[in-house]
>>> print(open('data-v4.cif').read())   # mmCIF, C-alpha atoms and all ligand atoms
data_target
#
loop_
_atom_site.label_atom_id
_atom_site.label_comp_id
_atom_site.auth_asym_id
_atom_site.auth_seq_id
_atom_site.Cartn_x
_atom_site.Cartn_y
_atom_site.Cartn_z
CA MET A 247 -12.56 -17.53 14.96
CA ALA A 248 -11.57 -20.83 16.58
CA ALA A 249 -7.93 -20.01 15.95
CA GLY A 250 -8.48 -16.62 17.53
CA ARG A 251 -9.92 -18.18 20.65
CA GLU A 252 -7.06 -20.66 20.73
CA ARG A 253 -4.51 -17.92 20.30
CA ALA A 254 -6.12 -15.78 22.94
CA ALA A 255 -6.21 -18.72 25.30
CA ALA A 256 -2.57 -19.53 24.66
CA THR A 257 -1.54 -15.94 25.15
CA ARG A 258 -3.56 -15.55 28.31
CA ALA A 259 -2.24 -18.78 29.74
CA ILE A 260 1.34 -17.78 29.15
CA LEU A 261 1.28 -14.07 29.67
CA THR A 262 -1.85 -12.69 31.19
CA PRO A 263 -3.59 -15.14 33.47
CA CYS A 264 -5.85 -12.46 34.95
CA LEU A 265 -6.67 -10.52 31.85
CA ILE A 266 -9.69 -11.64 29.84
CA ARG A 267 -10.77 -9.36 27.04
CA PRO A 268 -12.33 -9.90 23.61
CA LEU A 269 -9.98 -9.81 20.64
CA ALA A 270 -9.84 -6.55 18.78
CA SER A 271 -11.35 -6.62 15.34
CA ASP A 272 -9.10 -4.30 13.37
CA ARG A 273 -10.12 -1.36 15.54
CA ARG A 274 -6.65 0.15 15.43
CA VAL A 275 -6.51 0.18 11.66
CA ARG A 276 -8.79 3.17 11.80
CA ALA A 277 -7.66 6.31 13.54
CA PRO A 278 -10.57 7.85 15.36
CA GLU A 279 -12.36 10.58 13.54
CA GLY A 280 -11.93 14.03 14.94
CA GLU A 281 -8.20 13.52 15.42
CA GLY A 282 -6.96 15.39 12.45
CA ARG A 283 -8.92 13.28 10.02
CA ALA A 284 -11.87 14.37 7.95
CA PRO A 285 -15.09 12.44 8.59
CA ARG A 286 -15.26 9.37 6.44
CA PRO A 287 -17.52 9.60 3.42
CA ALA A 288 -19.89 6.72 2.72
CA ASP A 289 -18.41 3.68 1.00
CA GLY A 290 -17.86 4.20 -2.68
CA GLU A 291 -17.66 7.95 -2.33
CA VAL A 292 -14.55 10.01 -2.98
CA THR A 293 -13.90 13.41 -1.51
CA THR A 294 -13.33 15.50 -4.59
CA THR A 295 -13.16 18.91 -2.95
CA ALA A 296 -10.25 17.99 -0.67
CA SER A 297 -6.79 19.27 -1.42
CA PRO A 298 -4.25 16.61 -2.41
CA ILE A 299 -2.63 14.58 0.35
CA LEU A 300 0.38 13.88 -1.86
CA SER A 301 1.71 15.84 -4.82
CA THR A 302 4.73 15.84 -7.06
CA ARG A 303 5.87 18.85 -9.00
CA GLU A 304 8.19 18.37 -11.95
CA VAL A 305 9.81 15.41 -10.22
CA THR A 306 12.74 14.11 -12.22
CA ILE A 307 15.49 11.57 -11.63
CA ARG A 308 18.41 10.80 -13.87
CA PHE A 309 20.65 7.78 -13.75
CA GLY A 310 23.68 8.82 -15.75
CA GLY A 311 22.20 10.01 -19.01
CA HIS A 312 18.94 8.11 -18.56
CA VAL A 313 15.91 10.06 -17.32
CA ALA A 314 13.86 7.44 -15.47
CA VAL A 315 11.23 9.89 -14.19
CA ASP A 316 10.86 13.00 -16.27
CA HIS A 317 9.18 16.14 -14.86
CA VAL A 318 6.20 14.32 -13.40
CA SER A 319 3.57 16.46 -11.68
CA LEU A 320 0.62 14.68 -10.16
CA ASP A 321 -1.82 15.02 -7.29
CA VAL A 322 -3.27 12.28 -5.13
CA LEU A 323 -6.51 13.02 -3.31
CA PRO A 324 -7.01 11.78 0.23
CA THR A 325 -8.80 8.42 0.56
CA ALA A 326 -8.68 7.86 -3.19
CA LEU A 327 -7.12 4.91 -4.97
CA LYS A 328 -4.88 6.10 -7.76
CA SER A 329 -3.16 3.63 -10.05
CA ILE A 330 0.10 4.26 -11.84
CA ILE A 331 0.32 2.23 -15.01
CA GLY A 332 2.68 2.07 -17.94
CA PRO A 333 4.88 -0.35 -19.88
CA ASN A 334 7.88 -2.11 -18.34
CA GLY A 335 10.62 0.37 -17.57
CA ALA A 336 8.23 3.35 -17.67
CA GLY A 337 9.44 4.57 -14.27
CA LYS A 338 6.62 3.41 -11.98
CA THR A 339 8.79 1.76 -9.32
CA THR A 340 11.27 4.61 -9.56
CA LEU A 341 8.45 7.07 -8.91
CA PHE A 342 7.49 5.04 -5.82
CA ASN A 343 11.13 5.15 -4.72
CA LEU A 344 11.03 8.91 -5.04
CA LEU A 345 7.76 9.18 -3.11
CA SER A 346 8.92 6.92 -0.31
CA GLY A 347 12.35 8.56 -0.03
CA GLN A 348 14.54 5.71 -1.32
CA TYR A 349 15.68 8.06 -4.08
CA ARG A 350 16.17 11.80 -4.05
CA PRO A 351 14.99 13.57 -7.18
CA SER A 352 17.48 15.32 -9.43
CA GLU A 353 14.83 18.03 -9.81
CA GLY A 354 11.35 18.79 -8.55
CA ARG A 355 9.42 18.63 -5.32
CA ILE A 356 7.32 16.17 -3.36
CA VAL A 357 4.68 17.56 -1.03
CA PHE A 358 2.88 15.46 1.58
CA LYS A 359 0.02 17.04 3.55
CA GLY A 360 1.22 20.51 2.68
CA ARG A 361 4.85 19.84 3.70
CA ASP A 362 7.74 19.74 1.30
CA VAL A 363 9.26 16.32 2.05
CA THR A 364 11.64 16.23 -0.92
CA GLY A 365 14.72 16.11 1.31
CA TRP A 366 13.24 13.81 3.96
CA SER A 367 14.65 10.34 4.58
CA ALA A 368 12.57 7.23 3.92
CA ALA A 369 12.29 6.60 7.69
CA ALA A 370 11.02 10.12 8.33
CA ARG A 371 8.44 9.76 5.56
CA THR A 372 7.25 6.45 7.01
CA ARG A 373 6.78 8.15 10.37
CA LEU A 374 4.89 10.94 8.68
CA GLY A 375 2.51 8.47 7.03
CA ILE A 376 3.86 7.32 3.66
CA GLY A 377 3.98 3.54 3.81
CA ARG A 378 5.68 1.29 1.34
CA SER A 379 5.80 -2.48 1.32
CA PHE A 380 9.07 -4.09 0.45
CA GLN A 381 8.19 -7.34 -1.19
CA LEU A 382 9.11 -9.85 1.50
CA THR A 383 12.28 -8.16 2.71
CA ASN A 384 10.67 -6.98 5.94
CA ILE A 385 9.35 -10.40 6.94
CA PHE A 386 11.15 -12.35 9.68
CA PRO A 387 10.85 -15.92 8.36
CA THR A 388 11.49 -17.76 11.62
CA LEU A 389 8.99 -15.73 13.63
CA SER A 390 5.31 -16.52 13.57
CA VAL A 391 2.90 -14.61 11.37
CA LEU A 392 1.39 -12.96 14.45
CA GLU A 393 4.80 -11.97 15.82
CA ASN A 394 5.74 -10.36 12.53
CA VAL A 395 2.70 -8.09 12.64
CA ARG A 396 3.01 -7.54 16.39
CA LEU A 397 6.58 -6.29 15.96
CA ALA A 398 5.37 -3.79 13.36
CA VAL A 399 2.61 -2.59 15.72
CA GLN A 400 5.20 -2.31 18.47
CA ALA A 401 7.57 -0.36 16.24
CA ARG A 402 4.79 1.98 15.18
CA ARG A 403 3.98 2.78 18.80
CA GLY A 404 7.64 3.37 19.54
CA LEU A 405 7.65 0.72 22.25
CA GLY A 406 10.84 -1.14 21.34
CA PHE A 407 11.16 -4.11 23.65
CA THR A 408 9.72 -2.44 26.73
CA ALA A 409 6.33 -3.95 25.90
CA TRP A 410 7.69 -7.35 26.92
CA ARG A 411 7.83 -6.20 30.51
CA ASP A 412 4.19 -5.19 30.57
CA TYR A 413 1.92 -8.16 29.93
CA ARG A 414 -1.15 -6.03 29.59
CA ARG A 415 0.46 -3.93 26.89
CA PHE A 416 1.89 -7.02 25.20
CA SER A 417 -1.54 -8.60 25.05
CA ASP A 418 -2.97 -5.40 23.61
CA LEU A 419 -0.29 -5.41 20.90
CA GLU A 420 -1.14 -9.00 20.07
CA ASP A 421 -4.84 -8.22 19.88
CA THR A 422 -4.13 -5.40 17.46
CA ALA A 423 -1.85 -7.64 15.42
CA TYR A 424 -4.51 -10.35 15.32
CA GLY A 425 -7.11 -7.82 14.20
CA LEU A 426 -4.82 -6.82 11.36
CA LEU A 427 -4.39 -10.47 10.39
CA GLU A 428 -8.19 -10.65 10.20
CA THR A 429 -8.17 -7.63 7.93
CA VAL A 430 -5.72 -9.27 5.55
CA LEU A 431 -7.55 -12.62 5.84
CA LEU A 432 -4.60 -14.41 7.37
CA GLU A 433 -5.80 -14.98 10.92
CA GLY A 434 -6.03 -18.72 10.29
CA LYS A 435 -2.24 -18.79 9.93
CA TRP A 436 -1.37 -16.68 12.97
CA ARG A 437 0.79 -19.41 14.47
CA ALA A 438 2.67 -20.48 11.32
CA ALA A 439 6.26 -19.48 10.77
CA ALA A 440 6.22 -16.62 8.31
CA GLY A 441 8.85 -18.37 6.18
CA ALA A 442 6.55 -21.36 5.73
CA LEU A 443 3.71 -19.37 4.14
CA ALA A 444 2.78 -19.74 0.49
CA HIS A 445 3.80 -16.84 -1.72
CA GLY A 446 0.31 -15.29 -1.80
CA GLU A 447 0.04 -15.56 1.97
CA LYS A 448 3.38 -13.79 2.34
CA ARG A 449 2.04 -10.92 0.27
CA LYS A 450 -0.96 -10.75 2.59
CA LEU A 451 1.38 -10.69 5.57
CA GLU A 452 3.35 -7.92 3.94
CA LEU A 453 0.12 -5.92 3.68
CA GLY A 454 -0.67 -6.66 7.32
CA ILE A 455 2.77 -5.37 8.34
CA LEU A 456 2.27 -2.29 6.21
CA LEU A 457 -1.15 -1.60 7.78
CA ALA A 458 0.39 -2.05 11.24
CA LEU A 459 2.55 0.97 10.51
CA GLU A 460 -0.70 2.94 10.07
CA PRO A 461 0.31 4.80 6.93
CA GLU A 462 -2.05 7.39 5.56
CA VAL A 463 -0.80 6.67 2.06
CA LEU A 464 -0.06 3.10 1.01
CA LEU A 465 2.27 2.55 -1.91
CA LEU A 466 1.52 -0.87 -3.38
CA ASP A 467 3.91 -1.93 -6.12
CA GLU A 468 2.46 -4.88 -8.00
CA PRO A 469 0.88 -6.53 -4.97
CA THR A 470 -0.18 -9.54 -7.02
CA ALA A 471 3.19 -10.11 -8.71
CA GLY A 472 4.34 -13.71 -8.63
CA MET A 473 0.98 -14.98 -7.43
CA SER A 474 -0.89 -17.92 -8.81
CA LEU A 475 -4.15 -17.11 -10.59
CA GLU A 476 -6.13 -18.53 -7.69
CA GLU A 477 -4.41 -16.23 -5.20
CA VAL A 478 -5.02 -12.97 -7.10
CA PRO A 479 -8.74 -12.46 -6.28
CA ALA A 480 -8.04 -12.57 -2.54
CA ILE A 481 -5.53 -9.73 -2.83
CA ILE A 482 -7.86 -7.72 -5.05
CA GLY A 483 -10.60 -8.29 -2.46
CA LEU A 484 -8.24 -7.12 0.23
CA ILE A 485 -7.37 -3.90 -1.56
CA GLU A 486 -11.08 -3.38 -2.19
CA ARG A 487 -11.74 -3.77 1.53
CA ILE A 488 -9.07 -1.27 2.46
CA ARG A 489 -10.31 1.13 -0.20
CA ALA A 490 -13.97 0.78 0.78
CA ARG A 491 -13.23 2.01 4.28
CA ARG A 492 -12.03 5.29 2.79
CA ASP A 493 -9.61 5.98 5.61
CA ARG A 494 -6.44 5.36 3.62
CA THR A 495 -5.07 6.70 0.39
CA ILE A 496 -3.76 4.03 -1.96
CA LEU A 497 -1.27 4.36 -4.78
CA LEU A 498 -1.22 1.18 -6.81
CA VAL A 499 1.23 0.09 -9.48
CA GLU A 500 -0.23 -2.86 -11.31
CA HIS A 501 0.02 -4.45 -14.73
CA LYS A 502 -3.32 -6.27 -14.46
CA ILE A 503 -5.38 -3.70 -16.29
CA ASP A 504 -8.76 -5.25 -15.41
CA MET A 505 -7.84 -4.93 -11.77
CA VAL A 506 -6.74 -1.32 -12.29
CA MET A 507 -9.98 -0.42 -14.06
CA ALA A 508 -12.08 -2.05 -11.36
CA LEU A 509 -10.32 -0.50 -8.37
CA SER A 510 -9.11 2.95 -9.39
CA ASP A 511 -10.64 6.35 -8.75
CA SER A 512 -8.01 7.79 -11.06
CA ILE A 513 -5.20 6.50 -13.24
CA ALA A 514 -1.87 8.07 -14.13
CA VAL A 515 -0.01 6.68 -17.13
CA LEU A 516 3.76 6.82 -17.44
CA GLN A 517 5.73 6.22 -20.58
CA ASN A 518 9.50 6.58 -20.74
CA GLY A 519 9.38 8.41 -17.41
CA ARG A 520 6.84 10.97 -18.60
CA LEU A 521 3.25 11.37 -17.47
CA ILE A 522 1.14 11.01 -20.60
CA ALA A 523 -2.31 10.85 -18.97
CA ASP A 524 -3.84 11.38 -15.57
CA GLY A 525 -7.53 11.33 -14.72
CA PRO A 526 -10.62 9.21 -14.11
CA PRO A 527 -10.49 5.70 -15.62
CA ALA A 528 -13.05 6.48 -18.32
CA LEU A 529 -11.10 9.49 -19.51
CA VAL A 530 -7.71 7.79 -19.44
CA SER A 531 -9.01 4.70 -21.19
CA ALA A 532 -10.42 6.86 -23.99
CA SER A 533 -7.03 8.41 -24.71
CA ALA A 534 -5.59 7.30 -28.02
CA GLU A 535 -2.09 8.09 -26.74
CA VAL A 536 -2.57 5.73 -23.81
CA GLN A 537 -3.93 3.02 -26.06
CA ALA A 538 -0.96 3.34 -28.36
CA ALA A 539 1.68 3.71 -25.65
CA TYR A 540 0.53 1.03 -23.32
CA PHE A 541 -1.03 -1.56 -25.55
CA GLY A 542 0.38 -0.87 -28.98
CA THR A 543 -2.10 -0.41 -31.76
CA ALA A 544 -4.63 -3.00 -30.58
CA PRO A 545 -6.64 -1.63 -27.64
CA HIS A 546 -6.86 -3.81 -24.58
CA PRO A 547 -10.48 -5.01 -24.22
CA ALA A 548 -10.68 -3.57 -20.70
CA LEU A 549 -9.76 -0.17 -22.05
CA SER A 550 -12.19 -0.10 -24.93
CA PRO A 551 -15.69 1.21 -24.18
CA GLU A 552 -17.26 -2.10 -25.36
CA GLY A 553 -14.97 -4.14 -23.14
CA ARG A 554 -15.82 -2.12 -20.07
CA GLY A 555 -19.55 -2.35 -20.57
N1 LIG B 601 19.08 2.63 -9.55
C1 LIG B 601 18.98 2.69 -10.88
N2 LIG B 601 20.08 2.90 -11.65
C2 LIG B 601 19.98 2.97 -13.00
N3 LIG B 601 18.83 2.87 -13.68
C3 LIG B 601 17.71 2.67 -12.97
C4 LIG B 601 17.71 2.57 -11.54
N4 LIG B 601 16.44 2.40 -11.11
C5 LIG B 601 15.67 2.36 -12.23
N5 LIG B 601 16.43 2.52 -13.32
C6 LIG B 601 15.95 2.57 -14.71
O1 LIG B 601 14.83 3.42 -14.75
C7 LIG B 601 13.89 2.92 -15.68
C8 LIG B 601 12.55 2.77 -15.00
O2 LIG B 601 12.61 1.62 -14.17
P1 LIG B 601 11.40 1.21 -13.21
O3 LIG B 601 11.87 0.03 -12.43
O4 LIG B 601 10.97 2.38 -12.47
O5 LIG B 601 10.30 0.80 -14.26
P2 LIG B 601 8.84 0.21 -13.98
O6 LIG B 601 7.88 1.10 -14.66
O7 LIG B 601 8.65 -0.03 -12.55
O8 LIG B 601 8.91 -1.15 -14.78
P3 LIG B 601 8.25 -2.58 -14.47
O9 LIG B 601 6.83 -2.49 -14.94
O10 LIG B 601 9.04 -3.53 -15.30
O11 LIG B 601 8.36 -2.85 -13.00
C9 LIG B 601 14.43 1.64 -16.24
O12 LIG B 601 15.05 1.92 -17.46
C10 LIG B 601 15.45 1.21 -15.20
O13 LIG B 601 16.47 0.47 -15.78
MG MG B 602 8.37 -1.72 -11.37
#
>>> encode(input="data-v4.cif", output="structure tokens")
Amino acid sequence: MAAGRERAAATRAILTPCLIRPLASDRRVRAPEGEGRAPRPADGEVTTTASPILSTREVTIRFGGHVAVDHVSLDVLPTALKSIIGPNGAGKTTLFNLLSGQYRPSEGRIVFKGRDVTGWSAAARTRLGIGRSFQLTNIFPTLSVLENVRLAVQARRGLGFTAWRDYRRFSDLEDTAYGLLETVLLEGKWRAAAGALAHGEKRKLELGILLALEPEVLLLDEPTAGMSLEEVPAIIGLIERIRARRDRTILLVEHKIDMVMALSDSIAVLQNGRLIADGPPALVSASAEVQAAYFGTAPHPALSPEGRG
């Protein structure tokens, strides 16, 4: 917290000499209950009676003659963590591109909170609450870590650059940004240039920027890709923290099957663009088709009942 005090002091000295307030501790990550959100269930609990927050119906996309996503229909329950797994080239990233609006389906529908968003642009879907991280492309390398998140908070609140004129508001944005850095365990680096971060730290920053946009559904495509073995547990811990709060829905594409089994409320399996299984981890892992499609003939230890024990 020393860095937080230092940052707050620096900010106050420069911008808000009269304003002394405690730093926010990720209070903005959570929208207040009673504002269109269901009350949060206790940690570890999933709302099973709720209707899906996000659904696809027969979603299909063709690239020339190749069907990358083939009539996929799935439902994602609010506040759940659903993993999408499958071999390389199965269509996982393409499905994310369809959900986030980067691609338009050749056929089928995408429904978010009861609205058909199939024809909506990516920007409109982000505003509506479908958030996607873009593997380092949305990081400004010369700006500080804090400024990167602050800009995302600012963008989310539709403030543009007007916030610069209002020190009070600016300080509030910084507090929120700092709180988000605490959430992603990066507050110690708030002053560093984003470009100077280690790879794993950049992925944390990416998550912080994504959370700043306050999405209701987070699409995480291989959040631990390219990380060293030592960096992976921190990201898993981070996703666990976000999941445990049960105020966000998470869709996770990940090849690390142990991680998938540990984190997921449900798992959908794609193979050659088709959905071959979808359900609770225990059920999916028991499927012979999944075993064969994803791991060949030898079952992955994490998917065999003995291995999970
Ligand atoms: N824009 C595109 N144009 C042509 N083919 C594409 C395009 N995007 C994806 N594909 C093809 O669709 C298929 C699915 O690709 P996708 O990237 O979705 O797989 P994936 O499941 O994410 O794989 P990985 O685990 O390797 O990330 C692949 O055969 C890929 O070459
Ligand atoms: Mg992919």
>>> closest_residue(input="data-v4.cif", among="A:Ile482, A:Leu341, A:Val536, A:Ile356", to="ligand LIG 601 (chain B)", atoms="all atoms listed in the file")
A:Leu341
>>> closest_residue(input="data-v4.cif", among="A:His501, A:Arg308, A:Arg492, A:Lys448", to="Glu477 of chain A", atoms="only C-alpha atoms")
A:Lys448
>>> residues_around(input="data-v4.cif", residues="Ile513 of chain A", least_positions_apart="5", cutoff="10 Å", atoms="only C-alpha atoms", output="list in words")
Leu327, Lys328, Ser329, Ile330, Ile331, Leu497, Leu498, Val499, Val506, Met507, Ala523, Asp524, Gly525, Pro526, Pro527, Ala528, Leu529, Val530 and Ser531 of chain A
>>> closest_residue(input="data-v4.cif", among="A:Asn394, A:Thr364, A:Ser510, A:Ser474", to="Ala440 of chain A", atoms="all atoms listed in the file")
A:Asn394
>>> closest_residue(input="data-v4.cif", among="A:Gly347, A:Pro324, A:Gly425, A:Pro387", to="Val399 of chain A", atoms="all atoms listed in the file")
A:Gly425
>>> residues_near_ligand(input="data-v4.cif", ligand="ligand LIG 601 (chain B)", cutoff="10 Å", atoms="all atoms listed in the file", output="PDB file with C-alpha atoms, in the coordinates of the input")
ATOM      1  CA  ILE A 307      15.490  11.570 -11.630  1.00  0.00           C
ATOM      2  CA  ARG A 308      18.410  10.800 -13.870  1.00  0.00           C
ATOM      3  CA  PHE A 309      20.650   7.780 -13.750  1.00  0.00           C
ATOM      4  CA  GLY A 310      23.680   8.820 -15.750  1.00  0.00           C
ATOM      5  CA  GLY A 311      22.200  10.010 -19.010  1.00  0.00           C
ATOM      6  CA  HIS A 312      18.940   8.110 -18.560  1.00  0.00           C
ATOM      7  CA  VAL A 313      15.910  10.060 -17.320  1.00  0.00           C
ATOM      8  CA  ALA A 314      13.860   7.440 -15.470  1.00  0.00           C
ATOM      9  CA  VAL A 315      11.230   9.890 -14.190  1.00  0.00           C
ATOM     10  CA  ILE A 330       0.100   4.260 -11.840  1.00  0.00           C
ATOM     11  CA  ILE A 331       0.320   2.230 -15.010  1.00  0.00           C
ATOM     12  CA  GLY A 332       2.680   2.070 -17.940  1.00  0.00           C
ATOM     13  CA  PRO A 333       4.880  -0.350 -19.880  1.00  0.00           C
ATOM     14  CA  ASN A 334       7.880  -2.110 -18.340  1.00  0.00           C
ATOM     15  CA  GLY A 335      10.620   0.370 -17.570  1.00  0.00           C
ATOM     16  CA  ALA A 336       8.230   3.350 -17.670  1.00  0.00           C
ATOM     17  CA  GLY A 337       9.440   4.570 -14.270  1.00  0.00           C
ATOM     18  CA  LYS A 338       6.620   3.410 -11.980  1.00  0.00           C
ATOM     19  CA  THR A 339       8.790   1.760  -9.320  1.00  0.00           C
ATOM     20  CA  THR A 340      11.270   4.610  -9.560  1.00  0.00           C
ATOM     21  CA  LEU A 341       8.450   7.070  -8.910  1.00  0.00           C
ATOM     22  CA  PHE A 342       7.490   5.040  -5.820  1.00  0.00           C
ATOM     23  CA  ASN A 343      11.130   5.150  -4.720  1.00  0.00           C
ATOM     24  CA  LEU A 344      11.030   8.910  -5.040  1.00  0.00           C
ATOM     25  CA  GLN A 348      14.540   5.710  -1.320  1.00  0.00           C
ATOM     26  CA  TYR A 349      15.680   8.060  -4.080  1.00  0.00           C
ATOM     27  CA  ASP A 467       3.910  -1.930  -6.120  1.00  0.00           C
ATOM     28  CA  GLU A 468       2.460  -4.880  -8.000  1.00  0.00           C
ATOM     29  CA  ALA A 471       3.190 -10.110  -8.710  1.00  0.00           C
ATOM     30  CA  VAL A 499       1.230   0.090  -9.480  1.00  0.00           C
ATOM     31  CA  GLU A 500      -0.230  -2.860 -11.310  1.00  0.00           C
ATOM     32  CA  HIS A 501       0.020  -4.450 -14.730  1.00  0.00           C
ATOM     33  CA  VAL A 515      -0.010   6.680 -17.130  1.00  0.00           C
ATOM     34  CA  LEU A 516       3.760   6.820 -17.440  1.00  0.00           C
ATOM     35  CA  GLN A 517       5.730   6.220 -20.580  1.00  0.00           C
ATOM     36  CA  ASN A 518       9.500   6.580 -20.740  1.00  0.00           C
ATOM     37  CA  GLY A 519       9.380   8.410 -17.410  1.00  0.00           C
TER      38      GLY A 519
END
>>> closest_residue(input="data-v4.cif", among="A:Arg303, A:Arg449, A:Arg494, A:Arg403", to="Gly375 of chain A", atoms="all atoms listed in the file")
A:Arg494
>>> closest_residue(input="data-v4.cif", among="A:Leu466, A:Leu389, A:Val305, A:Leu374", to="Ile485 of chain A", atoms="all atoms listed in the file")
A:Leu466
>>> atom_distance(input="data-v4.cif", atom1="atom CA of Thr306 of chain A", atom2="atom CA of Ala368 of chain A")
17.5 Å
>>> axis_aligned_box(input="data-v4.cif", around="segment 531-537 of chain A", padding_each_side="3 Å", output="JSON")
{"center_x": -6.3, "center_y": 5.7, "center_z": -24.6, "size_x": 14.3, "size_y": 11.4, "size_z": 12.8}
>>> atom_distance(input="data-v4.cif", atom1="atom CA of Leu397 of chain A", atom2="atom CA of Ile385 of chain A")
10.3 Å
>>> atom_distance(input="data-v4.cif", atom1="atom CA of Ser346 of chain A", atom2="atom CA of Asn384 of chain A")
15.3 Å
>>> residues_near_point(input="data-v4.cif", point="(-9.5, -9.7, -2.0)", cutoff="12 Å", atoms="all atoms listed in the file", output="ChimeraX atom specification")
/A:429-432,446-447,449-450,453,469-470,476-490,505,509
>>> write_last_selection(input="data-v4.cif", atoms="C-alpha atoms", output="PDB file, in the coordinates of the input")
ATOM      1  CA  THR A 429      -8.170  -7.630   7.930  1.00  0.00           C
ATOM      2  CA  VAL A 430      -5.720  -9.270   5.550  1.00  0.00           C
ATOM      3  CA  LEU A 431      -7.550 -12.620   5.840  1.00  0.00           C
ATOM      4  CA  LEU A 432      -4.600 -14.410   7.370  1.00  0.00           C
ATOM      5  CA  GLY A 446       0.310 -15.290  -1.800  1.00  0.00           C
ATOM      6  CA  GLU A 447       0.040 -15.560   1.970  1.00  0.00           C
ATOM      7  CA  ARG A 449       2.040 -10.920   0.270  1.00  0.00           C
ATOM      8  CA  LYS A 450      -0.960 -10.750   2.590  1.00  0.00           C
ATOM      9  CA  LEU A 453       0.120  -5.920   3.680  1.00  0.00           C
ATOM     10  CA  PRO A 469       0.880  -6.530  -4.970  1.00  0.00           C
ATOM     11  CA  THR A 470      -0.180  -9.540  -7.020  1.00  0.00           C
ATOM     12  CA  GLU A 476      -6.130 -18.530  -7.690  1.00  0.00           C
ATOM     13  CA  GLU A 477      -4.410 -16.230  -5.200  1.00  0.00           C
ATOM     14  CA  VAL A 478      -5.020 -12.970  -7.100  1.00  0.00           C
ATOM     15  CA  PRO A 479      -8.740 -12.460  -6.280  1.00  0.00           C
ATOM     16  CA  ALA A 480      -8.040 -12.570  -2.540  1.00  0.00           C
ATOM     17  CA  ILE A 481      -5.530  -9.730  -2.830  1.00  0.00           C
ATOM     18  CA  ILE A 482      -7.860  -7.720  -5.050  1.00  0.00           C
ATOM     19  CA  GLY A 483     -10.600  -8.290  -2.460  1.00  0.00           C
ATOM     20  CA  LEU A 484      -8.240  -7.120   0.230  1.00  0.00           C
ATOM     21  CA  ILE A 485      -7.370  -3.900  -1.560  1.00  0.00           C
ATOM     22  CA  GLU A 486     -11.080  -3.380  -2.190  1.00  0.00           C
ATOM     23  CA  ARG A 487     -11.740  -3.770   1.530  1.00  0.00           C
ATOM     24  CA  ILE A 488      -9.070  -1.270   2.460  1.00  0.00           C
ATOM     25  CA  ARG A 489     -10.310   1.130  -0.200  1.00  0.00           C
ATOM     26  CA  ALA A 490     -13.970   0.780   0.780  1.00  0.00           C
ATOM     27  CA  MET A 505      -7.840  -4.930 -11.770  1.00  0.00           C
ATOM     28  CA  LEU A 509     -10.320  -0.500  -8.370  1.00  0.00           C
TER      29      LEU A 509
END
